[in-house]
$ cat target-v7.cif   # mmCIF, C-alpha atoms
data_model
loop_
_atom_site.label_atom_id
_atom_site.label_comp_id
_atom_site.auth_asym_id
_atom_site.auth_seq_id
_atom_site.Cartn_x
_atom_site.Cartn_y
_atom_site.Cartn_z
CA MET D 23 7.17 -78.29 0.82
CA THR D 24 8.84 -79.85 -2.21
CA ALA D 25 12.43 -81.00 -1.76
CA ILE D 26 15.19 -79.08 -3.52
CA ASP D 27 18.12 -80.77 -5.23
CA PHE D 28 21.20 -78.57 -5.29
CA TRP D 29 23.16 -79.58 -8.40
CA PHE D 30 26.64 -78.12 -8.43
CA SER D 31 30.06 -78.70 -9.83
CA ILE D 32 33.24 -77.90 -7.98
CA GLY D 33 34.98 -75.77 -10.57
CA SER D 34 32.04 -73.44 -11.19
CA THR D 35 32.81 -69.91 -10.08
CA TYR D 36 29.35 -68.66 -9.14
CA SER D 37 28.77 -71.85 -7.16
CA TYR D 38 31.20 -70.43 -4.60
CA LEU D 39 28.49 -68.01 -3.50
CA THR D 40 25.99 -70.83 -3.10
CA VAL D 41 28.19 -73.47 -1.52
CA MET D 42 29.42 -71.07 1.16
CA ARG D 43 25.99 -69.84 2.22
CA LEU D 44 23.60 -72.71 1.56
CA GLY D 45 23.99 -74.30 4.98
CA GLY D 46 23.01 -71.02 6.61
CA VAL D 47 20.09 -70.52 4.25
CA ALA D 48 18.84 -74.03 5.01
CA ARG D 49 18.94 -73.37 8.75
CA ASP D 50 17.57 -69.83 8.67
CA ARG D 51 14.73 -70.54 6.27
CA GLY D 52 13.89 -74.12 7.21
CA VAL D 53 14.66 -75.51 3.77
CA SER D 54 16.26 -78.86 3.03
CA PHE D 55 18.70 -79.23 0.13
CA THR D 56 20.11 -82.43 -1.30
CA TRP D 57 23.64 -81.65 -2.45
CA ARG D 58 24.48 -83.38 -5.75
CA SER D 59 27.83 -82.96 -7.43
CA PHE D 60 28.24 -83.46 -11.18
CA ASN D 61 30.69 -82.70 -13.98
CA VAL D 62 29.38 -79.49 -15.51
CA ARG D 63 32.31 -79.24 -17.90
CA HIS D 64 31.27 -82.48 -19.59
CA ILE D 65 27.81 -81.06 -20.29
CA MET D 66 29.06 -77.63 -21.32
CA VAL D 67 31.53 -78.99 -23.84
CA GLU D 68 28.92 -81.35 -25.27
CA GLN D 69 26.41 -78.49 -25.58
CA ASN D 70 28.91 -75.94 -26.94
CA ASN D 71 28.07 -73.76 -23.97
CA VAL D 72 31.40 -72.92 -22.33
CA PRO D 73 30.77 -69.72 -20.39
CA PHE D 74 34.06 -67.82 -20.15
CA LYS D 75 36.88 -69.45 -22.14
CA GLY D 76 37.84 -67.08 -24.94
CA LYS D 77 35.41 -64.45 -23.59
CA PRO D 78 37.64 -62.09 -21.59
CA VAL D 79 35.10 -59.27 -21.28
CA LYS D 80 32.42 -61.57 -19.90
CA GLU D 81 34.93 -63.30 -17.63
CA ALA D 82 36.12 -59.98 -16.18
CA TYR D 83 32.50 -59.06 -15.48
CA MET D 84 31.91 -62.39 -13.74
CA TRP D 85 34.76 -61.80 -11.30
CA ARG D 86 33.58 -58.27 -10.54
CA ASP D 87 30.00 -59.48 -10.08
CA ILE D 88 31.13 -62.13 -7.59
CA GLU D 89 33.35 -59.60 -5.83
CA ARG D 90 30.40 -57.25 -5.33
CA ARG D 91 28.00 -59.97 -4.17
CA ALA D 92 30.34 -61.86 -1.84
CA PRO D 93 30.25 -59.32 1.02
CA VAL D 94 26.45 -59.49 1.06
CA HIS D 95 26.89 -63.08 2.25
CA GLY D 96 29.77 -62.29 4.60
CA LEU D 97 32.37 -63.71 2.23
CA ALA D 98 35.80 -62.24 1.50
CA PRO D 99 37.35 -64.05 -1.47
CA THR D 100 40.64 -63.11 -3.13
CA LEU D 101 39.74 -62.64 -6.77
CA PRO D 102 40.20 -63.68 -9.45
CA ALA D 103 40.62 -67.23 -8.19
CA PRO D 104 42.64 -69.63 -10.37
CA TYR D 105 40.41 -70.47 -13.34
CA PRO D 106 39.66 -72.73 -15.06
CA CYS D 107 40.91 -75.57 -12.87
CA PRO D 108 42.17 -78.52 -14.92
CA GLU D 109 41.31 -81.11 -12.28
CA LEU D 110 37.59 -80.27 -12.11
CA PRO D 111 36.59 -83.90 -12.84
CA TYR D 112 38.72 -85.24 -10.02
CA ALA D 113 37.47 -82.58 -7.59
CA ASN D 114 33.98 -83.88 -8.29
CA GLN D 115 35.05 -87.51 -7.95
CA VAL D 116 36.09 -86.65 -4.40
CA ALA D 117 32.70 -84.96 -4.00
CA THR D 118 30.97 -88.10 -5.23
CA LEU D 119 32.75 -90.20 -2.63
CA ALA D 120 31.92 -87.54 -0.04
CA ALA D 121 28.23 -87.73 -0.94
CA GLN D 122 28.28 -91.51 -0.50
CA GLU D 123 29.93 -91.15 2.89
CA GLY D 124 27.93 -88.16 4.15
CA TRP D 125 30.47 -85.33 4.23
CA LEU D 126 29.83 -83.55 0.93
CA GLU D 127 28.77 -80.20 2.37
CA ASP D 128 31.85 -79.99 4.55
CA TYR D 129 34.18 -80.93 1.70
CA ALA D 130 32.56 -78.52 -0.74
CA ARG D 131 32.92 -75.60 1.64
CA ALA D 132 36.49 -76.50 2.53
CA THR D 133 37.67 -76.90 -1.05
CA TYR D 134 35.94 -73.69 -2.19
CA ARG D 135 37.49 -71.83 0.72
CA ASN D 136 40.96 -73.01 -0.25
CA TRP D 137 40.28 -72.24 -3.90
CA PHE D 138 38.62 -68.83 -3.56
CA GLU D 139 40.23 -67.53 -0.38
CA ARG D 140 43.75 -69.06 -0.58
CA GLY D 141 44.30 -69.35 -4.33
CA GLN D 142 44.62 -73.17 -4.43
CA PRO D 143 43.08 -74.75 -7.54
CA ASN D 144 40.50 -77.39 -6.69
CA GLY D 145 41.07 -81.08 -7.39
CA GLU D 146 44.85 -80.95 -6.85
CA GLU D 147 47.43 -80.43 -4.13
CA PRO D 148 47.64 -78.65 -1.79
CA ASN D 149 43.89 -77.97 -1.96
CA LEU D 150 42.93 -81.66 -1.63
CA SER D 151 45.00 -82.48 1.45
CA ASN D 152 44.27 -79.17 3.13
CA SER D 153 40.53 -79.44 2.55
CA LEU D 154 40.30 -83.07 3.64
CA ALA D 155 42.44 -82.57 6.73
CA ALA D 156 40.36 -79.54 7.71
CA ILE D 157 37.21 -81.66 7.84
CA GLY D 158 38.78 -84.68 9.54
CA GLN D 159 39.13 -86.93 6.49
CA ASP D 160 42.29 -88.88 5.70
CA PRO D 161 43.74 -87.40 2.49
CA GLU D 162 45.57 -90.59 1.56
CA ARG D 163 42.53 -92.83 1.86
CA VAL D 164 40.18 -90.40 0.15
CA THR D 165 42.36 -89.46 -2.80
CA ARG D 166 42.96 -93.16 -3.50
CA ALA D 167 39.29 -94.13 -3.17
CA ALA D 168 38.14 -91.22 -5.32
CA GLN D 169 40.16 -92.56 -8.25
CA SER D 170 38.33 -95.88 -8.36
CA ALA D 171 36.24 -96.95 -11.32
CA THR D 172 33.28 -97.17 -8.97
CA ILE D 173 33.50 -93.48 -8.14
CA ARG D 174 34.20 -92.44 -11.73
CA ASP D 175 31.13 -94.36 -12.82
CA ALA D 176 29.01 -92.86 -10.05
CA LEU D 177 30.01 -89.31 -11.08
CA ALA D 178 29.27 -90.11 -14.72
CA ARG D 179 25.83 -91.42 -13.70
CA GLU D 180 25.05 -88.28 -11.68
CA THR D 181 26.21 -86.12 -14.59
CA ARG D 182 23.94 -88.07 -16.93
CA THR D 183 21.03 -87.71 -14.49
CA ALA D 184 21.61 -83.95 -14.33
CA GLN D 185 21.82 -83.68 -18.10
CA ASP D 186 18.64 -85.72 -18.52
CA LEU D 187 16.87 -83.28 -16.18
CA GLY D 188 17.96 -80.39 -18.42
CA VAL D 189 20.77 -79.09 -16.22
CA PHE D 190 23.31 -77.18 -18.32
CA GLY D 191 25.11 -75.03 -15.72
CA SER D 192 26.13 -74.83 -12.08
CA PRO D 193 24.58 -74.17 -9.67
CA THR D 194 21.13 -75.42 -10.58
CA PHE D 195 18.28 -75.92 -8.14
CA ALA D 196 15.79 -78.61 -9.12
CA VAL D 197 12.30 -78.47 -7.59
CA GLY D 198 10.14 -81.24 -8.98
CA GLY D 199 10.51 -80.81 -12.73
CA GLU D 200 11.46 -77.12 -12.48
CA LEU D 201 15.06 -75.96 -12.85
CA PHE D 202 16.47 -72.72 -11.49
CA TRP D 203 19.93 -71.92 -12.81
CA GLY D 204 22.35 -69.65 -11.03
CA ASP D 205 23.16 -68.57 -7.50
CA ASP D 206 20.79 -65.67 -8.10
CA ARG D 207 17.87 -68.07 -8.55
CA LEU D 208 18.07 -69.52 -5.02
CA ASP D 209 15.17 -67.40 -3.79
CA ASP D 210 13.10 -68.38 -6.82
CA ALA D 211 13.74 -72.05 -6.09
CA ILE D 212 12.70 -71.69 -2.46
CA ALA D 213 9.55 -69.78 -3.46
CA TRP D 214 8.69 -72.47 -5.99
CA ALA D 215 9.25 -75.25 -3.46
CA ARG D 216 6.93 -73.47 -1.02
CA HIS D 217 4.20 -72.10 -3.26
CA GLY D 218 4.63 -73.54 -6.75
CA ARG D 219 5.13 -70.04 -8.11
CA LEU D 220 7.38 -67.01 -7.73
CA GLY D 221 6.80 -63.68 -6.09
CA MET K 1485 22.11 -40.70 -6.15
CA THR K 1486 24.17 -41.70 -9.18
CA ALA K 1487 22.35 -41.82 -12.52
CA ILE K 1488 21.67 -45.19 -14.11
CA ASP K 1489 22.09 -45.83 -17.82
CA PHE K 1490 19.83 -48.59 -19.06
CA TRP K 1491 21.59 -50.20 -22.02
CA PHE K 1492 19.35 -52.51 -23.96
CA SER K 1493 18.89 -54.00 -27.37
CA ILE K 1494 15.53 -54.68 -28.91
CA GLY K 1495 15.95 -58.33 -29.83
CA SER K 1496 17.18 -59.43 -26.41
CA THR K 1497 14.70 -61.78 -24.76
CA TYR K 1498 15.31 -61.04 -21.09
CA SER K 1499 15.13 -57.32 -21.85
CA TYR K 1500 11.39 -57.83 -22.27
CA LEU K 1501 11.08 -58.16 -18.50
CA THR K 1502 13.00 -54.93 -17.96
CA VAL K 1503 11.51 -52.79 -20.73
CA MET K 1504 7.98 -53.56 -19.62
CA ARG K 1505 8.48 -52.76 -15.95
CA LEU K 1506 11.20 -50.11 -15.84
CA GLY K 1507 8.83 -47.17 -16.08
CA GLY K 1508 6.94 -48.44 -13.04
CA VAL K 1509 10.13 -49.11 -11.13
CA ALA K 1510 11.36 -45.59 -11.87
CA ARG K 1511 8.13 -44.08 -10.55
CA ASP K 1512 7.71 -46.35 -7.53
CA ARG K 1513 11.30 -46.15 -6.36
CA GLY K 1514 12.19 -42.64 -7.41
CA VAL K 1515 14.99 -43.72 -9.72
CA SER K 1516 15.88 -42.12 -13.05
CA PHE K 1517 17.05 -44.26 -15.95
CA THR K 1518 18.53 -43.07 -19.23
CA TRP K 1519 17.38 -45.50 -21.91
CA ARG K 1520 20.12 -46.28 -24.42
CA SER K 1521 19.59 -48.67 -27.29
CA PHE K 1522 22.50 -50.50 -28.94
CA ASN K 1523 23.19 -53.44 -31.23
CA VAL K 1524 23.98 -56.29 -28.84
CA ARG K 1525 24.29 -58.79 -31.67
CA HIS K 1526 27.25 -56.90 -33.10
CA ILE K 1527 29.10 -57.19 -29.78
CA MET K 1528 28.11 -60.80 -29.16
CA VAL K 1529 29.29 -61.98 -32.55
CA GLU K 1530 32.56 -60.08 -32.19
CA GLN K 1531 33.13 -61.59 -28.72
CA ASN K 1532 32.06 -65.12 -29.68
CA ASN K 1533 29.40 -64.87 -26.97
CA VAL K 1534 26.12 -65.76 -28.69
CA PRO K 1535 23.81 -66.90 -25.89
CA PHE K 1536 21.30 -69.33 -27.38
CA LYS K 1537 21.97 -70.15 -31.05
CA GLY K 1538 22.88 -73.82 -31.27
CA LYS K 1539 22.18 -74.26 -27.54
CA PRO K 1540 18.65 -75.71 -27.45
CA VAL K 1541 18.74 -76.83 -23.80
CA LYS K 1542 19.82 -73.41 -22.57
CA GLU K 1543 17.33 -71.70 -24.88
CA ALA K 1544 14.46 -73.82 -23.58
CA TYR K 1545 15.44 -72.92 -20.04
CA MET K 1546 15.52 -69.22 -20.92
CA TRP K 1547 11.90 -69.30 -22.17
CA ARG K 1548 10.73 -71.17 -19.08
CA ASP K 1549 12.61 -68.79 -16.81
CA ILE K 1550 10.97 -65.77 -18.47
CA GLU K 1551 7.58 -67.50 -18.35
CA ARG K 1552 7.89 -68.01 -14.59
CA ARG K 1553 9.13 -64.48 -13.88
CA ALA K 1554 6.74 -62.56 -16.12
CA PRO K 1555 3.66 -62.89 -13.85
CA VAL K 1556 5.63 -61.44 -10.94
CA HIS K 1557 5.69 -58.21 -12.95
CA GLY K 1558 2.10 -58.49 -14.13
CA LEU K 1559 3.11 -59.60 -17.62
CA ALA K 1560 1.42 -62.28 -19.70
CA PRO K 1561 3.60 -63.08 -22.74
CA THR K 1562 2.90 -65.82 -25.27
CA LEU K 1563 6.09 -67.86 -25.31
CA PRO K 1564 8.29 -68.70 -26.99
CA ALA K 1565 8.30 -65.44 -28.92
CA PRO K 1566 9.80 -65.50 -32.44
CA TYR K 1567 13.57 -65.73 -31.94
CA PRO K 1568 16.07 -64.70 -33.07
CA CYS K 1569 14.66 -61.76 -35.03
CA PRO K 1570 16.63 -61.07 -38.21
CA GLU K 1571 15.85 -57.34 -38.23
CA LEU K 1572 17.36 -56.63 -34.81
CA PRO K 1573 19.68 -53.91 -36.20
CA TYR K 1574 16.80 -52.08 -37.84
CA ALA K 1575 14.64 -52.35 -34.72
CA ASN K 1576 17.42 -50.55 -32.89
CA GLN K 1577 17.82 -47.96 -35.65
CA VAL K 1578 14.20 -47.02 -35.00
CA ALA K 1579 15.05 -46.93 -31.29
CA THR K 1580 17.98 -44.62 -32.00
CA LEU K 1581 15.70 -42.21 -33.83
CA ALA K 1582 13.20 -42.51 -31.01
CA ALA K 1583 15.87 -41.61 -28.46
CA GLN K 1584 16.78 -38.50 -30.44
CA GLU K 1585 13.13 -37.47 -30.62
CA GLY K 1586 12.16 -38.39 -27.05
CA TRP K 1587 9.83 -41.36 -27.48
CA LEU K 1588 12.17 -44.32 -26.91
CA GLU K 1589 10.45 -45.72 -23.82
CA ASP K 1590 7.06 -45.73 -25.53
CA TYR K 1591 8.43 -47.37 -28.66
CA ALA K 1592 10.38 -50.00 -26.72
CA ARG K 1593 7.33 -51.05 -24.74
CA ALA K 1594 5.11 -51.09 -27.81
CA THR K 1595 7.46 -53.16 -29.94
CA TYR K 1596 8.16 -55.64 -27.13
CA ARG K 1597 4.44 -55.98 -26.52
CA ASN K 1598 3.82 -56.79 -30.17
CA TRP K 1599 6.79 -59.15 -30.24
CA PHE K 1600 6.22 -61.00 -26.95
CA GLU K 1601 2.45 -60.81 -26.64
CA ARG K 1602 1.31 -60.94 -30.28
CA GLY K 1603 4.10 -62.95 -31.92
CA GLN K 1604 5.28 -60.22 -34.30
CA PRO K 1605 9.06 -60.19 -34.81
CA ASN K 1606 10.61 -56.83 -34.00
CA GLY K 1607 12.11 -54.60 -36.69
CA GLU K 1608 9.72 -55.69 -39.44
CA GLU K 1609 6.07 -55.48 -40.44
CA PRO K 1610 3.52 -55.63 -38.97
CA ASN K 1611 5.35 -54.95 -35.70
CA LEU K 1612 6.81 -51.64 -36.88
CA SER K 1613 3.61 -50.03 -38.11
CA ASN K 1614 1.53 -51.39 -35.24
CA SER K 1615 3.99 -50.21 -32.61
CA LEU K 1616 4.48 -46.77 -34.13
CA ALA K 1617 0.78 -46.19 -34.69
CA ALA K 1618 0.04 -47.23 -31.11
CA ILE K 1619 2.28 -44.47 -29.76
CA GLY K 1620 1.17 -41.78 -32.18
CA GLN K 1621 4.14 -41.85 -34.53
CA ASP K 1622 3.80 -41.87 -38.32
CA PRO K 1623 5.09 -45.26 -39.54
CA GLU K 1624 5.96 -43.96 -42.99
CA ARG K 1625 8.03 -41.04 -41.74
CA VAL K 1626 9.78 -43.04 -39.03
CA THR K 1627 10.66 -46.12 -41.05
CA ARG K 1628 12.16 -43.89 -43.74
CA ALA K 1629 14.12 -41.71 -41.31
CA ALA K 1630 15.41 -44.74 -39.40
CA GLN K 1631 17.15 -46.01 -42.53
CA SER K 1632 19.29 -42.91 -42.94
CA ALA K 1633 23.07 -42.99 -42.70
CA THR K 1634 22.81 -40.54 -39.81
CA ILE K 1635 20.80 -42.97 -37.75
CA ARG K 1636 22.91 -45.97 -38.72
CA ASP K 1637 26.00 -44.06 -37.64
CA ALA K 1638 24.38 -42.97 -34.39
CA LEU K 1639 23.50 -46.57 -33.52
CA ALA K 1640 27.02 -47.70 -34.38
CA ARG K 1641 28.42 -44.99 -32.11
CA GLU K 1642 26.17 -46.01 -29.21
CA THR K 1643 27.14 -49.64 -29.74
CA ARG K 1644 30.81 -48.67 -29.67
CA THR K 1645 30.26 -46.63 -26.50
CA ALA K 1646 28.55 -49.60 -24.85
CA GLN K 1647 31.33 -51.94 -25.91
CA ASP K 1648 34.00 -49.54 -24.63
CA LEU K 1649 32.23 -49.51 -21.26
CA GLY K 1650 32.45 -53.31 -21.14
CA VAL K 1651 28.83 -54.05 -22.04
CA PHE K 1652 28.53 -57.55 -23.56
CA GLY K 1653 24.84 -58.34 -23.08
CA SER K 1654 21.37 -56.85 -22.76
CA PRO K 1655 20.04 -55.51 -20.52
CA THR K 1656 22.96 -53.88 -18.73
CA PHE K 1657 22.66 -51.18 -16.09
CA ALA K 1658 25.63 -48.82 -15.87
CA VAL K 1659 26.17 -46.91 -12.63
CA GLY K 1660 29.32 -44.82 -12.84
CA GLY K 1661 31.93 -47.34 -13.92
CA GLU K 1662 30.01 -50.35 -12.58
CA LEU K 1663 28.05 -52.65 -14.88
CA PHE K 1664 25.15 -54.85 -13.83
CA TRP K 1665 24.15 -57.37 -16.48
CA GLY K 1666 20.72 -58.94 -16.61
CA ASP K 1667 17.16 -58.10 -15.71
CA ASP K 1668 17.86 -59.85 -12.40
CA ARG K 1669 20.54 -57.26 -11.56
CA LEU K 1670 18.16 -54.30 -11.53
CA ASP K 1671 17.95 -54.23 -7.73
CA ASP K 1672 21.74 -54.45 -7.49
CA ALA K 1673 22.08 -51.47 -9.82
CA ILE K 1674 19.63 -49.39 -7.78
CA ALA K 1675 21.38 -50.32 -4.54
CA TRP K 1676 24.74 -49.36 -6.04
CA ALA K 1677 23.39 -46.04 -7.32
CA ARG K 1678 22.05 -45.26 -3.85
CA HIS K 1679 24.75 -46.62 -1.55
CA GLY K 1680 27.77 -47.58 -3.64
CA ARG K 1681 27.40 -51.19 -2.47
CA LEU K 1682 24.94 -54.05 -2.48
CA GLY K 1683 22.80 -55.49 0.28
#
$ encode --input "target-v7.cif" --output "C-alpha cells"
Amino acid sequence: MTAIDFWFSIGSTYSYLTVMRLGGVARDRGVSFTWRSFNVRHIMVEQNNVPFKGKPVKEAYMWRDIERRAPVHGLAPTLPAPYPCPELPYANQVATLAAQEGWLEDYARATYRNWFERGQPNGEEPNLSNSLAAIGQDPERVTRAAQSATIRDALARETRTAQDLGVFGSPTFAVGGELFWGDDRLDDAIAWARHGRLG
Amino acid sequence: MTAIDFWFSIGSTYSYLTVMRLGGVARDRGVSFTWRSFNVRHIMVEQNNVPFKGKPVKEAYMWRDIERRAPVHGLAPTLPAPYPCPELPYANQVATLAAQEGWLEDYARATYRNWFERGQPNGEEPNLSNSLAAIGQDPERVTRAAQSATIRDALARETRTAQDLGVFGSPTFAVGGELFWGDDRLDDAIAWARHGRLG
C-alpha cells in the first residue's frame, strides 16, 4: 500500500474534522499517514484563492457544513470558531517543531480542540500554553524554539514542497503523485493508496 | 421523506457528475429530485466567488478530480472539457424552457454529454441542435422560444430564488432549509431528507 502524506495547516477550518479523527482512521483501517504542516495562507494569497474572506454566504455554509458533519465523527465543536486566526503562521511554526520532535499529532489535536471547542484562536495565548501543557510539552521552551530562524525556514521549505506538489488547500492527502483535497476526500485517498483507483 | 431540490447550472463542471447519474440514483434509492436550473455565474460574480478563473492550480486539480471520480459512476468524459463556456446563461434559458415543458432532465444529460464527451461548449452550436435533436425536441422552435423575455425573466427569478435560499454554487441540494453544496454532498442530502441528520 502506498504511503499517504497528510498535508494540513493549522488555521484551516475543515482540517478540524480530519485532525480530530485521523488517528482513529489510521488505527481502524490500518493506514499510515505522515502528518506534514504547512502555511496554506501563503499559497492561497499567492494564488488568489482565499476561500472565505469577503464571502459571507459561502463562509456561513462552511460553518453549517462542519456543524452537520462533526457529530458523524463524534465531535462537538462550538461554532463558529474564531476565524480567521491572525497567528496561523506561528501556529504552524510550532507544528514544524513538533514534527521534528515527534509530537505533531498530539499538538494538532490539542490546539484544534482549544480552538474549535473552547473558542481560543490558534497560534496565540491561551491556546498555545494550554495545548502544550495538555500534551506534556513545556510552553516556554517550545514557544521560544518555534520562533527560531531554523523553524521559520523549515516551515517555508515544507510550504514550498507542498506548493511544488500542487497543494493549494488544506487538508490535502498526497498518494504518490495524486492529490486529494478536502476532508471529504479521505476515503478517496485511502482507496487510491490501496488500489490505485476509486470506488 | 422530505423532497430534495436539485439546483444546478449548466456550465458548472462538477455538476456533470451529478446530472449524469442523478436519474439512476433516484431510481435505485427511491428518492425524488426536483431539477431546478439557475445562473450560477450571476451569483458567483456578485459574491466575488469565481472558482477557477485565474486559479490554474486549482482548476487543474478540479479536472483531475473529476477524471478520477467519473469512472466510479460509469462515465468516460474527455477532459478537460471546454471551460468556461461563454453561453452559460443561454444554456440555462433553454433549461428553463425545458423545465416548463417537462424535459429538463433529458436536455441536461444530452447537453452535458455533448459538452463533456464530445467537446462541444454548452449553450451554442453544435451542442444545442445536437442535444435537442437527440431528445426529440425541435432545435429551431426551442432556440427561438428560449430567447424570449418570458424565459429570461423566469431564469432570473429562479436564480434569485436560489440566491435567497443561500445557494452560491452548483450543484446544490436543498432539503427543507438545509443546503448541501457539491456533487460529493449527494449522500448527505439523501441522509438528511430521510433522517434529518447525517451518518
$ resolve_selection --input "target-v7.cif" --expression "the PyMOL selection byres ((chain K) within 10 of (chain D))" --output "VMD selection string"
chain K and resid 1528 1531 to 1542 1544 to 1546 1548 to 1549 1552 to 1557 1647 1650 to 1653 1662 to 1665 1668 to 1669 1672 1676 1681 to 1683
$ write_last_selection --input "target-v7.cif" --atoms "C-alpha atoms" --output "CSV table (one decimal), in the frame of the given file"
chain,number,residue,atom,x,y,z
K,1528,MET,CA,28.1,-60.8,-29.2
K,1531,GLN,CA,33.1,-61.6,-28.7
K,1532,ASN,CA,32.1,-65.1,-29.7
K,1533,ASN,CA,29.4,-64.9,-27.0
K,1534,VAL,CA,26.1,-65.8,-28.7
K,1535,PRO,CA,23.8,-66.9,-25.9
K,1536,PHE,CA,21.3,-69.3,-27.4
K,1537,LYS,CA,22.0,-70.2,-31.0
K,1538,GLY,CA,22.9,-73.8,-31.3
K,1539,LYS,CA,22.2,-74.3,-27.5
K,1540,PRO,CA,18.6,-75.7,-27.4
K,1541,VAL,CA,18.7,-76.8,-23.8
K,1542,LYS,CA,19.8,-73.4,-22.6
K,1544,ALA,CA,14.5,-73.8,-23.6
K,1545,TYR,CA,15.4,-72.9,-20.0
K,1546,MET,CA,15.5,-69.2,-20.9
K,1548,ARG,CA,10.7,-71.2,-19.1
K,1549,ASP,CA,12.6,-68.8,-16.8
K,1552,ARG,CA,7.9,-68.0,-14.6
K,1553,ARG,CA,9.1,-64.5,-13.9
K,1554,ALA,CA,6.7,-62.6,-16.1
K,1555,PRO,CA,3.7,-62.9,-13.8
K,1556,VAL,CA,5.6,-61.4,-10.9
K,1557,HIS,CA,5.7,-58.2,-13.0
K,1647,GLN,CA,31.3,-51.9,-25.9
K,1650,GLY,CA,32.4,-53.3,-21.1
K,1651,VAL,CA,28.8,-54.0,-22.0
K,1652,PHE,CA,28.5,-57.6,-23.6
K,1653,GLY,CA,24.8,-58.3,-23.1
K,1662,GLU,CA,30.0,-50.4,-12.6
K,1663,LEU,CA,28.0,-52.6,-14.9
K,1664,PHE,CA,25.2,-54.8,-13.8
K,1665,TRP,CA,24.2,-57.4,-16.5
K,1668,ASP,CA,17.9,-59.8,-12.4
K,1669,ARG,CA,20.5,-57.3,-11.6
K,1672,ASP,CA,21.7,-54.4,-7.5
K,1676,TRP,CA,24.7,-49.4,-6.0
K,1681,ARG,CA,27.4,-51.2,-2.5
K,1682,LEU,CA,24.9,-54.0,-2.5
K,1683,GLY,CA,22.8,-55.5,0.3
$ resolve_selection --input "target-v7.cif" --expression "the PyMOL selection byres ((chain D and resi 117-134) around 9)" --output "PDB file with C-alpha atoms, keeping the file's coordinate frame"
ATOM      1  CA  SER D  31      30.060 -78.700  -9.830  1.00  0.00           C
ATOM      2  CA  ILE D  32      33.240 -77.900  -7.980  1.00  0.00           C
ATOM      3  CA  GLY D  33      34.980 -75.770 -10.570  1.00  0.00           C
ATOM      4  CA  SER D  37      28.770 -71.850  -7.160  1.00  0.00           C
ATOM      5  CA  TYR D  38      31.200 -70.430  -4.600  1.00  0.00           C
ATOM      6  CA  VAL D  41      28.190 -73.470  -1.520  1.00  0.00           C
ATOM      7  CA  MET D  42      29.420 -71.070   1.160  1.00  0.00           C
ATOM      8  CA  GLY D  45      23.990 -74.300   4.980  1.00  0.00           C
ATOM      9  CA  TRP D  57      23.640 -81.650  -2.450  1.00  0.00           C
ATOM     10  CA  ARG D  58      24.480 -83.380  -5.750  1.00  0.00           C
ATOM     11  CA  SER D  59      27.830 -82.960  -7.430  1.00  0.00           C
ATOM     12  CA  PHE D  60      28.240 -83.460 -11.180  1.00  0.00           C
ATOM     13  CA  TYR D 112      38.720 -85.240 -10.020  1.00  0.00           C
ATOM     14  CA  ALA D 113      37.470 -82.580  -7.590  1.00  0.00           C
ATOM     15  CA  ASN D 114      33.980 -83.880  -8.290  1.00  0.00           C
ATOM     16  CA  GLN D 115      35.050 -87.510  -7.950  1.00  0.00           C
ATOM     17  CA  VAL D 116      36.090 -86.650  -4.400  1.00  0.00           C
ATOM     18  CA  ARG D 135      37.490 -71.830   0.720  1.00  0.00           C
ATOM     19  CA  ASN D 136      40.960 -73.010  -0.250  1.00  0.00           C
ATOM     20  CA  TRP D 137      40.280 -72.240  -3.900  1.00  0.00           C
ATOM     21  CA  PHE D 138      38.620 -68.830  -3.560  1.00  0.00           C
ATOM     22  CA  GLU D 139      40.230 -67.530  -0.380  1.00  0.00           C
ATOM     23  CA  GLN D 142      44.620 -73.170  -4.430  1.00  0.00           C
ATOM     24  CA  PRO D 143      43.080 -74.750  -7.540  1.00  0.00           C
ATOM     25  CA  ASN D 144      40.500 -77.390  -6.690  1.00  0.00           C
ATOM     26  CA  GLY D 145      41.070 -81.080  -7.390  1.00  0.00           C
ATOM     27  CA  ASN D 149      43.890 -77.970  -1.960  1.00  0.00           C
ATOM     28  CA  LEU D 150      42.930 -81.660  -1.630  1.00  0.00           C
ATOM     29  CA  ASN D 152      44.270 -79.170   3.130  1.00  0.00           C
ATOM     30  CA  SER D 153      40.530 -79.440   2.550  1.00  0.00           C
ATOM     31  CA  LEU D 154      40.300 -83.070   3.640  1.00  0.00           C
ATOM     32  CA  ALA D 156      40.360 -79.540   7.710  1.00  0.00           C
ATOM     33  CA  ILE D 157      37.210 -81.660   7.840  1.00  0.00           C
ATOM     34  CA  VAL D 164      40.180 -90.400   0.150  1.00  0.00           C
ATOM     35  CA  ALA D 167      39.290 -94.130  -3.170  1.00  0.00           C
ATOM     36  CA  ALA D 168      38.140 -91.220  -5.320  1.00  0.00           C
ATOM     37  CA  ILE D 173      33.500 -93.480  -8.140  1.00  0.00           C
ATOM     38  CA  ARG D 174      34.200 -92.440 -11.730  1.00  0.00           C
ATOM     39  CA  ALA D 176      29.010 -92.860 -10.050  1.00  0.00           C
ATOM     40  CA  LEU D 177      30.010 -89.310 -11.080  1.00  0.00           C
ATOM     41  CA  GLU D 180      25.050 -88.280 -11.680  1.00  0.00           C
TER      42      GLU D 180
END
$ resolve_selection --input "target-v7.cif" --expression "the PyMOL selection byres ((chain K and resi 1657) around 9)" --output "number ranges by chain"
K: 1488-1492, 1517, 1654-1656, 1658-1659, 1662-1667, 1669-1670, 1673
$ atom_distance --input "target-v7.cif" --atom1 "CA of Ala1487 (chain K)" --atom2 "CA of Trp85 (chain D)"
23.6 Å
$ atom_distance --input "target-v7.cif" --atom1 "CA of Leu39 (chain D)" --atom2 "CA of Glu89 (chain D)"
10.0 Å
$ atom_distance --input "target-v7.cif" --atom1 "CA of Ser1613 (chain K)" --atom2 "CA of Cys1569 (chain K)"
16.4 Å
